[in-house]
Every structure is written in structure tokens, then in C-alpha cells.
>>> print(open('target-v7.cif').read())   # mmCIF, C-alpha atoms
data_upload
loop_
_atom_site.group_PDB
_atom_site.id
_atom_site.type_symbol
_atom_site.label_atom_id
_atom_site.label_comp_id
_atom_site.auth_asym_id
_atom_site.auth_seq_id
_atom_site.Cartn_x
_atom_site.Cartn_y
_atom_site.Cartn_z
ATOM 1 C CA MET J 208 7.031 9.456 155.599
ATOM 2 C CA LYS J 209 10.213 10.719 153.983
ATOM 3 C CA LYS J 210 11.501 7.985 151.717
ATOM 4 C CA ASN J 211 14.884 7.066 150.273
ATOM 5 C CA ILE J 212 14.538 6.836 146.485
ATOM 6 C CA LEU J 213 17.291 5.447 144.243
ATOM 7 C CA LEU J 214 17.315 6.367 140.565
ATOM 8 C CA ILE J 215 19.677 4.688 138.144
ATOM 9 C CA GLY J 216 20.308 7.120 135.295
ATOM 10 C CA GLY J 217 18.430 10.106 136.653
ATOM 11 C CA SER J 218 20.465 13.015 135.302
ATOM 12 C CA HIS J 219 18.351 13.723 132.209
ATOM 13 C CA GLY J 220 15.078 12.910 130.476
ATOM 14 C CA ILE J 221 12.440 10.993 132.407
ATOM 15 C CA GLY J 222 14.754 10.229 135.333
ATOM 16 C CA LYS J 223 15.561 13.875 135.864
ATOM 17 C CA SER J 224 11.869 14.763 135.731
ATOM 18 C CA ILE J 225 11.127 12.141 138.408
ATOM 19 C CA ALA J 226 13.881 13.581 140.598
ATOM 20 C CA GLN J 227 12.529 17.102 140.137
ATOM 21 C CA LEU J 228 9.087 15.984 141.284
ATOM 22 C CA LEU J 229 10.415 14.156 144.348
ATOM 23 C CA HIS J 230 13.523 15.917 145.614
ATOM 24 C CA GLU J 231 11.726 18.343 147.924
ATOM 25 C CA ILE J 232 9.670 15.547 149.495
ATOM 26 C CA HIS J 233 12.044 12.593 149.727
ATOM 27 C CA THR J 234 15.768 11.855 149.869
ATOM 28 C CA ILE J 235 16.969 11.167 146.346
ATOM 29 C CA PHE J 236 20.043 9.173 145.322
ATOM 30 C CA ILE J 237 20.990 9.399 141.643
ATOM 31 C CA ALA J 238 23.531 6.969 140.186
ATOM 32 C CA SER J 239 24.509 7.993 136.672
ATOM 33 C CA ARG J 240 27.457 8.682 134.402
ATOM 34 C CA THR J 241 27.156 12.448 134.666
ATOM 35 C CA GLN J 242 26.026 15.019 137.197
ATOM 36 C CA GLU J 243 25.352 17.578 134.491
ATOM 37 C CA GLY J 244 21.731 18.723 134.594
ATOM 38 C CA LEU J 245 21.280 18.116 138.307
ATOM 39 C CA GLU J 246 22.300 21.598 139.456
ATOM 40 C CA ASN J 247 18.795 22.400 140.713
ATOM 41 C CA VAL J 248 17.970 18.951 142.078
ATOM 42 C CA GLN J 249 18.588 18.179 145.742
ATOM 43 C CA CYS J 250 20.153 14.725 145.620
ATOM 44 C CA GLN J 251 23.133 12.625 146.537
ATOM 45 C CA TYR J 252 24.977 11.949 143.319
ATOM 46 C CA ILE J 253 26.783 8.636 142.801
ATOM 47 C CA PRO J 254 29.153 8.371 139.797
ATOM 48 C CA PHE J 255 28.040 5.185 138.079
ATOM 49 C CA ASP J 256 28.247 3.630 134.617
ATOM 50 C CA VAL J 257 25.626 0.910 134.641
ATOM 51 C CA THR J 258 27.288 -0.948 131.751
ATOM 52 C CA ARG J 259 30.475 -1.639 133.680
ATOM 53 C CA ASP J 260 30.300 -0.606 137.355
ATOM 54 C CA SER J 261 29.015 -2.299 140.480
ATOM 55 C CA LEU J 262 26.996 -0.085 142.769
ATOM 56 C CA ASP J 263 28.821 1.054 145.908
ATOM 57 C CA LEU J 264 26.334 -0.045 148.534
ATOM 58 C CA SER J 265 28.205 1.769 151.317
ATOM 59 C CA ILE J 266 26.991 5.090 149.879
ATOM 60 C CA LEU J 267 23.354 4.043 150.115
ATOM 61 C CA PRO J 268 21.170 4.132 153.247
ATOM 62 C CA GLU J 269 20.265 0.978 155.152
ATOM 63 C CA GLU J 270 16.751 1.067 153.729
ATOM 64 C CA ILE J 271 15.618 1.936 150.203
ATOM 65 C CA HIS J 272 11.912 2.658 149.797
ATOM 66 C CA GLY J 273 11.798 3.301 146.058
ATOM 67 C CA PHE J 274 13.870 2.257 143.051
ATOM 68 C CA VAL J 275 13.655 3.329 139.403
ATOM 69 C CA TYR J 276 15.821 1.986 136.562
ATOM 70 C CA CYS J 277 15.945 4.597 133.796
ATOM 71 C CA PRO J 278 18.683 3.550 131.293
ATOM 72 C CA GLY J 279 17.365 2.449 127.922
ATOM 73 C CA SER J 280 17.974 2.336 124.193
ATOM 74 C CA ILE J 281 16.066 2.950 120.984
ATOM 75 C CA ASN J 282 17.449 0.940 118.067
ATOM 76 C CA LEU J 283 14.880 1.092 115.285
ATOM 77 C CA LYS J 284 16.116 -0.683 112.162
ATOM 78 C CA PRO J 285 14.946 -3.472 109.873
ATOM 79 C CA PHE J 286 15.824 -6.870 111.321
ATOM 80 C CA LYS J 287 18.081 -7.681 108.363
ATOM 81 C CA MET J 288 20.201 -4.604 109.095
ATOM 82 C CA MET J 289 20.848 -5.440 112.757
ATOM 83 C CA GLY J 290 23.652 -7.736 113.776
ATOM 84 C CA LEU J 291 23.638 -9.944 116.828
ATOM 85 C CA GLU J 292 25.763 -7.352 118.614
ATOM 86 C CA THR J 293 22.832 -4.900 118.554
ATOM 87 C CA PHE J 294 20.571 -7.417 120.269
ATOM 88 C CA GLU J 295 23.289 -8.210 122.800
ATOM 89 C CA ALA J 296 23.901 -4.533 123.580
ATOM 90 C CA ASP J 297 20.183 -3.789 124.007
ATOM 91 C CA MET J 298 19.658 -6.862 126.176
ATOM 92 C CA ASN J 299 22.655 -5.937 128.316
ATOM 93 C CA LEU J 300 21.678 -2.305 128.893
ATOM 94 C CA ASN J 301 17.926 -2.681 129.162
ATOM 95 C CA PHE J 302 17.643 -5.976 130.993
ATOM 96 C CA LEU J 303 20.776 -7.720 132.259
ATOM 97 C CA ARG J 304 22.186 -4.631 133.962
ATOM 98 C CA LEU J 305 18.795 -4.024 135.539
ATOM 99 C CA VAL J 306 18.929 -7.544 136.958
ATOM 100 C CA LYS J 307 22.461 -6.936 138.270
ATOM 101 C CA VAL J 308 21.479 -3.746 140.104
ATOM 102 C CA VAL J 309 18.320 -5.312 141.518
ATOM 103 C CA LYS J 310 20.350 -8.219 142.915
ATOM 104 C CA GLU J 311 22.781 -5.744 144.510
ATOM 105 C CA ILE J 312 20.173 -3.594 146.210
ATOM 106 C CA MET J 313 17.553 -6.211 147.094
ATOM 107 C CA PRO J 314 18.859 -6.693 150.677
ATOM 108 C CA LYS J 315 18.281 -2.965 151.264
ATOM 109 C CA MET J 316 14.724 -2.826 149.936
ATOM 110 C CA ALA J 317 12.389 -1.956 152.811
ATOM 111 C CA GLN J 318 9.073 -3.522 153.696
ATOM 112 C CA GLY J 319 6.419 -1.893 151.518
ATOM 113 C CA SER J 320 8.957 -0.542 149.035
ATOM 114 C CA SER J 321 8.349 -0.081 145.314
ATOM 115 C CA MET J 322 10.348 -0.751 142.149
ATOM 116 C CA VAL J 323 9.552 0.870 138.800
ATOM 117 C CA PHE J 324 10.941 -0.323 135.469
ATOM 118 C CA PHE J 325 10.356 0.843 131.881
ATOM 119 C CA SER J 326 9.191 -1.130 128.871
ATOM 120 C CA THR J 327 7.708 0.085 125.580
ATOM 121 C CA VAL J 328 4.335 0.027 123.864
ATOM 122 C CA ALA J 329 6.018 -2.034 121.118
ATOM 123 C CA VAL J 330 6.175 -5.142 123.341
ATOM 124 C CA GLY J 331 2.409 -5.539 123.468
ATOM 125 C CA LYS J 332 1.505 -3.994 120.124
ATOM 126 C CA GLY J 333 4.109 -5.402 117.749
ATOM 127 C CA MET J 334 5.758 -2.800 115.525
ATOM 128 C CA PRO J 335 8.123 -3.113 112.584
ATOM 129 C CA PHE J 336 11.787 -2.235 113.148
ATOM 130 C CA HIS J 337 11.471 -2.783 116.926
ATOM 131 C CA THR J 338 12.753 -6.380 117.136
ATOM 132 C CA SER J 339 15.786 -5.610 119.297
ATOM 133 C CA VAL J 340 14.366 -3.071 121.717
ATOM 134 C CA ALA J 341 11.048 -4.932 122.044
ATOM 135 C CA SER J 342 12.889 -8.165 122.838
ATOM 136 C CA SER J 343 14.891 -6.648 125.672
ATOM 137 C CA LYS J 344 11.963 -4.667 127.033
ATOM 138 C CA GLY J 345 9.756 -7.738 126.847
ATOM 139 C CA ALA J 346 12.267 -9.474 129.088
ATOM 140 C CA ILE J 347 11.767 -6.654 131.605
ATOM 141 C CA GLU J 348 8.007 -7.240 131.674
ATOM 142 C CA GLY J 349 8.397 -10.953 132.327
ATOM 143 C CA PHE J 350 11.064 -10.353 134.955
ATOM 144 C CA ALA J 351 8.964 -7.722 136.735
ATOM 145 C CA LYS J 352 5.882 -9.923 136.980
ATOM 146 C CA SER J 353 7.849 -12.881 138.318
ATOM 147 C CA LEU J 354 9.769 -10.676 140.750
ATOM 148 C CA ALA J 355 6.536 -9.090 141.949
ATOM 149 C CA ALA J 356 5.031 -12.520 142.634
ATOM 150 C CA GLU J 357 8.135 -13.755 144.438
ATOM 151 C CA TYR J 358 8.553 -10.740 146.720
ATOM 152 C CA ALA J 359 4.920 -9.902 147.514
ATOM 153 C CA PRO J 360 3.874 -8.560 149.928
ATOM 154 C CA LYS J 361 7.283 -7.157 150.977
ATOM 155 C CA LEU J 362 7.754 -5.032 147.870
ATOM 156 C CA ARG J 363 5.862 -4.025 144.763
ATOM 157 C CA VAL J 364 7.189 -4.149 141.194
ATOM 158 C CA ASN J 365 5.477 -2.355 138.310
ATOM 159 C CA VAL J 366 6.392 -1.403 134.748
ATOM 160 C CA ILE J 367 5.561 1.663 132.688
ATOM 161 C CA ALA J 368 5.239 1.042 128.949
ATOM 162 C CA PRO J 369 5.353 4.383 127.121
ATOM 163 C CA SER J 370 5.034 5.206 123.480
ATOM 164 C CA LEU J 371 7.499 7.702 122.007
ATOM 165 C CA VAL J 372 8.511 10.380 124.502
ATOM 166 C CA ASP J 373 10.316 13.609 123.636
ATOM 167 C CA THR J 374 13.654 12.917 125.359
ATOM 168 C CA PRO J 375 17.300 13.219 124.284
ATOM 169 C CA LEU J 376 17.199 9.465 123.558
ATOM 170 C CA ALA J 377 14.440 10.018 120.987
ATOM 171 C CA SER J 378 15.952 13.147 119.447
ATOM 172 C CA LYS J 379 16.681 11.530 116.069
ATOM 173 C CA LEU J 380 13.034 10.595 115.712
ATOM 174 C CA LEU J 381 11.769 14.073 116.587
ATOM 175 C CA ASN J 382 14.436 16.371 115.167
ATOM 176 C CA ASN J 383 12.175 18.408 112.884
ATOM 177 C CA GLU J 384 8.574 19.605 112.813
ATOM 178 C CA ARG J 385 7.463 17.176 110.122
ATOM 179 C CA LYS J 386 8.659 14.183 112.133
ATOM 180 C CA LYS J 387 6.978 15.551 115.248
ATOM 181 C CA GLU J 388 3.692 16.030 113.415
ATOM 182 C CA ASN J 389 3.825 12.536 111.874
ATOM 183 C CA MET J 390 4.562 10.929 115.215
ATOM 184 C CA ALA J 391 1.787 12.901 116.903
ATOM 185 C CA GLU J 392 -0.737 11.749 114.283
ATOM 186 C CA ARG J 393 -0.017 8.097 115.082
ATOM 187 C CA HIS J 394 -1.444 8.553 118.580
ATOM 188 C CA PRO J 395 -5.176 8.865 119.332
ATOM 189 C CA LEU J 396 -4.395 11.850 121.584
ATOM 190 C CA LYS J 397 -2.509 13.483 118.694
ATOM 191 C CA ARG J 398 0.741 14.225 120.446
ATOM 192 C CA THR J 399 3.892 12.472 121.492
ATOM 193 C CA GLY J 400 4.699 11.987 125.141
ATOM 194 C CA GLN J 401 6.450 14.491 127.361
ATOM 195 C CA VAL J 402 8.791 13.484 130.168
ATOM 196 C CA GLU J 403 6.294 14.760 132.731
ATOM 197 C CA ASP J 404 3.644 12.329 131.442
ATOM 198 C CA ILE J 405 5.846 9.389 132.351
ATOM 199 C CA ALA J 406 7.411 10.922 135.462
ATOM 200 C CA HIS J 407 4.027 11.535 137.096
ATOM 201 C CA MET J 408 3.111 7.874 136.634
ATOM 202 C CA ALA J 409 6.440 6.781 138.100
ATOM 203 C CA VAL J 410 5.919 9.036 141.110
ATOM 204 C CA PHE J 411 2.457 7.538 141.594
ATOM 205 C CA LEU J 412 3.841 3.987 141.464
ATOM 206 C CA LEU J 413 6.513 4.903 144.016
ATOM 207 C CA SER J 414 3.938 6.378 146.357
ATOM 208 C CA ASP J 415 1.613 4.776 148.875
ATOM 209 C CA LYS J 416 -1.287 5.843 146.646
ATOM 210 C CA SER J 417 -0.501 2.804 144.480
ATOM 211 C CA SER J 418 -0.089 0.429 147.438
ATOM 212 C CA TRP J 419 -2.528 -2.118 145.931
ATOM 213 C CA MET J 420 -0.721 -2.316 142.587
ATOM 214 C CA THR J 421 2.010 -4.802 141.767
ATOM 215 C CA GLY J 422 3.010 -6.900 138.761
ATOM 216 C CA GLN J 423 1.341 -4.421 136.402
ATOM 217 C CA VAL J 424 2.430 -3.093 133.018
ATOM 218 C CA VAL J 425 0.890 0.368 132.751
ATOM 219 C CA GLY J 426 0.551 1.891 129.296
ATOM 220 C CA VAL J 427 1.218 5.632 129.199
ATOM 221 C CA ASP J 428 1.107 5.929 125.440
ATOM 222 C CA GLY J 429 -1.470 8.412 124.205
ATOM 223 C CA GLY J 430 -3.930 5.557 123.614
ATOM 224 C CA MET J 431 -1.730 3.767 121.073
ATOM 225 C CA SER J 432 -1.787 0.334 122.723
ATOM 226 C CA THR J 433 -5.555 0.023 123.045
ATOM 227 C CA LEU J 434 -7.290 2.349 120.574
ATOM 228 C CA ASN J 435 -7.624 2.128 116.810
ATOM 229 C CA ILE J 436 -9.087 5.314 115.362
ATOM 230 C CA SER J 437 -7.982 4.895 111.741
#
>>> encode(input="target-v7.cif", output="C-alpha cells")
Amino acid sequence: MKKNILLIGGSHGIGKSIAQLLHEIHTIFIASRTQEGLENVQCQYIPFDVTRDSLDLSILPEEIHGFVYCPGSINLKPFKMMGLETFEADMNLNFLRLVKVVKEIMPKMAQGSSMVFFSTVAVGKGMPFHTSVASSKGAIEGFAKSLAAEYAPKLRVNVIAPSLVDTPLASKLLNNERKKENMAERHPLKRTGQVEDIAHMAVFLLSDKSSWMTGQVVGVDGGMSTLNIS
């Protein structure tokens, strides 16, 4: 069945990779601040700034079969160097705006539909300098599990918790070969993530192949969350 898939923030990074994997199979709607980078992706583009806009539901089809929320932040600093405004900004972008969009589109979610959110390996593992991002992403995990319980069996809700992925968002952490090598060494599989690693899992969770999965937090993290090889 050809599905209607809505991506929030799908013009670059992981979101763009998801769209590239799906656009020839399903009907893709991408709501993001920019259309740049989507030249070779068959999609309906919706100008949308998630931090301030409400989604124009009239542009969307009557039924949505898949939803992915891609916006996120990486603020890695010592706790003493982060003001309350950093926590507020991360919570707003990562979690509260997700909640707002979900409330807007919920009436359009079809029977058997799937939602995919993103967390981070740092929520379950506990890492220094991650207090702000881990807090907001942890809220996503709790929200997703409760939402999955409340809306089963109509729709499924799952979360992907990656480790560091080579995206524009992570560019400051991977901007030279030494940093890349150091980050790779921290993972049992000895490399950092690529957008395709995460996109393929998202596509699986959107598909009927994962029809018996809901309320799950799936680690796609090179083994970091579960293996200790030091």
C-alpha cells in the first residue's frame, strides 16, 4: 500500500536520508524551514519553522500513515556553564514542539499508522556534559511509551536512540580526522554512525515489517549502550 508519510525537518541529515529511501515508494510530505537539498527528492514541501509555526493541516491528506519528527539539538557543555535558557531551548525544540505537532496531526493518523521519534544513547547510559540534551530526549522516551500505550492498537509509537551520527548537527564534534578517530574508538564497532544507519531503522519502524513493535526505544549506537569492551 502506498502510504502518506510526514517528516518534520526532512531537508537534511537523517530526515533527508529517510525521504530518499521512501520517496519512490510512498507519498512524502516534508515540513521544514528550507527546501534546499530536496532537489532530487519527490515530495510535497511545506514551509514550516517548528519553533514558531502551526502546521497547516489543509495541505496534508485526510490520512497520515507515518510520521517522523527530526528536529533536534546537541548542546554538550559542563552543567555549570549552561544557563536555564539552554535547558528551556532544548526542551522546547526537542520535546514541547514535538508534542504540539503530534496534537495537531493526531486526528489524521490512520489505523495502523506509525510514529517515529529520536532520543539519544545518553539518556540510558548517562554521559558527562549531556545534562540538557539528555533531559529533553528523556522526556521524549517517556512521552512515546505513554502515547503508545494510550493509542494502541490504532497506532504504533517507537523511538530510535542513536549515538553520535555524522550529520551537519554534529559537525563541530567531527570537524577533523583526530576527532573522528577518537569518536570512532569510543564505539565497540569502531566507527561513528552514518545517516543511513539511522534512516534504515526509521524506514523499518514506519513499515508493516515492524507491525508488532510499539513503545520501544531502539538503540542504533554501534554497541555503545550495551557493550563494554575496555
>>> axis_aligned_box(input="target-v7.cif", around="region 252-260 of chain J", padding_each_side="4 Å", output="JSON")
{"center_x": 27.7, "center_y": 5.2, "center_z": 137.5, "size_x": 13.5, "size_y": 21.6, "size_z": 19.6}
>>> resolve_selection(input="target-v7.cif", expression="the PyMOL selection byres ((chain J and resi 327) around 12)", output="VMD selection string")
chain J and resid 279 to 281 301 324 to 326 328 to 334 337 to 348 366 to 372 405 424 to 428 431 to 432
>>> resolve_selection(input="target-v7.cif", expression="the PyMOL selection byres ((chain J and resi 377-393) around 12)", output="number ranges by chain")
J: 220-221, 279-283, 370-376, 394-402, 428-432, 434-437
>>> atom_distance(input="target-v7.cif", atom1="CA of Ala296 (chain J)", atom2="CA of Phe255 (chain J)")
17.9 Å
>>> closest_residue(input="target-v7.cif", among="J:Ile237, J:Ile215, J:Ile253, J:Met288", to="Val308 (chain J)", atoms="only C-alpha atoms")
J:Ile215
>>> resolve_selection(input="target-v7.cif", expression="the PyMOL selection byres ((chain J and resi 224) around 12)", output="PyMOL selection string")
chain J and resi 214+216-223+225-230+244-245+247-248+277+374+401-410
>>> write_last_selection(input="target-v7.cif", atoms="C-alpha atoms", output="compact mmCIF listing (two decimals), keeping the file's coordinate frame")
# COMPACT_ATOMS: atom_id res chain seq x y z
CA LEU J 214 17.32 6.37 140.56
CA GLY J 216 20.31 7.12 135.29
CA GLY J 217 18.43 10.11 136.65
CA SER J 218 20.46 13.02 135.30
CA HIS J 219 18.35 13.72 132.21
CA GLY J 220 15.08 12.91 130.48
CA ILE J 221 12.44 10.99 132.41
CA GLY J 222 14.75 10.23 135.33
CA LYS J 223 15.56 13.88 135.86
CA ILE J 225 11.13 12.14 138.41
CA ALA J 226 13.88 13.58 140.60
CA GLN J 227 12.53 17.10 140.14
CA LEU J 228 9.09 15.98 141.28
CA LEU J 229 10.42 14.16 144.35
CA HIS J 230 13.52 15.92 145.61
CA GLY J 244 21.73 18.72 134.59
CA LEU J 245 21.28 18.12 138.31
CA ASN J 247 18.80 22.40 140.71
CA VAL J 248 17.97 18.95 142.08
CA CYS J 277 15.94 4.60 133.80
CA THR J 374 13.65 12.92 125.36
CA GLN J 401 6.45 14.49 127.36
CA VAL J 402 8.79 13.48 130.17
CA GLU J 403 6.29 14.76 132.73
CA ASP J 404 3.64 12.33 131.44
CA ILE J 405 5.85 9.39 132.35
CA ALA J 406 7.41 10.92 135.46
CA HIS J 407 4.03 11.54 137.10
CA MET J 408 3.11 7.87 136.63
CA ALA J 409 6.44 6.78 138.10
CA VAL J 410 5.92 9.04 141.11
>>> atom_distance(input="target-v7.cif", atom1="CA of Glu295 (chain J)", atom2="CA of Thr258 (chain J)")
12.2 Å
>>> residues_around(input="target-v7.cif", residues="region 268-270 of chain J", least_positions_apart="6", cutoff="7 Å", atoms="all atoms listed in the file", output="list in words")
Lys315, Met316 and Ala317 of chain J
>>> atom_distance(input="target-v7.cif", atom1="CA of Glu357 (chain J)", atom2="CA of Thr433 (chain J)")
28.9 Å
>>> closest_residue(input="target-v7.cif", among="J:Lys416, J:His233, J:Pro335, J:Ile266", to="Met208 (chain J)", atoms="only C-alpha atoms")
J:His233
>>> closest_residue(input="target-v7.cif", among="J:Leu303, J:Ala355, J:Val309, J:Leu413", to="Ile212 (chain J)", atoms="only C-alpha atoms")
J:Leu413
>>> closest_residue(input="target-v7.cif", among="J:Met313, J:Leu291, J:Val323, J:Leu300", to="Lys361 (chain J)", atoms="only C-alpha atoms")
J:Met313
>>> decode(input="target-v7.cif", residues="region 366-417 of chain J", atoms="C-alpha atoms", output="compact mmCIF listing (two decimals), in the first residue's frame")
# COMPACT_ATOMS: atom_id res chain seq x y z
CA VAL J 366 11.91 5.81 19.43
CA ILE J 367 15.37 5.50 17.93
CA ALA J 368 18.23 6.29 20.31
CA PRO J 369 21.42 6.81 18.29
CA SER J 370 24.93 7.53 19.38
CA LEU J 371 26.85 10.22 17.50
CA VAL J 372 25.91 10.37 13.82
CA ASP J 373 27.85 12.23 11.14
CA THR J 374 25.30 14.95 10.32
CA PRO J 375 25.50 18.74 9.93
CA LEU J 376 24.22 18.99 13.53
CA ALA J 377 27.27 17.07 14.77
CA SER J 378 29.79 18.85 12.55
CA LYS J 379 31.60 20.59 15.43
CA LEU J 380 32.26 17.23 17.05
CA LEU J 381 33.60 15.64 13.86
CA ASN J 382 35.33 18.52 12.09
CA ASN J 383 38.78 16.95 11.83
CA GLU J 384 40.28 13.48 11.47
CA ARG J 385 41.53 13.28 15.05
CA LYS J 386 38.07 13.95 16.45
CA LYS J 387 36.57 11.40 14.08
CA GLU J 388 39.09 8.77 15.12
CA ASN J 389 38.56 9.46 18.84
CA MET J 390 34.80 9.26 18.49
CA ALA J 391 35.05 6.05 16.48
CA GLU J 392 37.22 4.43 19.17
CA ARG J 393 34.53 5.02 21.80
CA HIS J 394 32.20 2.63 19.99
CA PRO J 395 32.59 -1.17 20.02
CA LEU J 396 32.07 -1.18 16.24
CA LYS J 397 34.86 1.40 15.88
CA ARG J 398 33.03 3.97 13.83
CA THR J 399 30.54 6.75 14.28
CA GLY J 400 27.08 6.48 12.81
CA GLN J 401 26.11 7.43 9.29
CA VAL J 402 22.73 8.89 8.39
CA GLU J 403 21.83 5.72 6.51
CA ASP J 404 22.27 3.64 9.69
CA ILE J 405 19.51 5.59 11.39
CA ALA J 406 17.35 6.13 8.31
CA HIS J 407 17.09 2.40 7.60
CA MET J 408 15.83 1.79 11.13
CA ALA J 409 13.28 4.59 10.78
CA VAL J 410 12.06 3.14 7.49
CA PHE J 411 11.69 -0.26 9.16
CA LEU J 412 9.68 1.23 12.03
CA LEU J 413 7.41 3.02 9.55
CA SER J 414 6.81 -0.18 7.62
CA ASP J 415 4.45 -3.07 8.20
CA LYS J 416 7.51 -5.24 8.86
CA SER J 417 7.58 -3.75 12.37
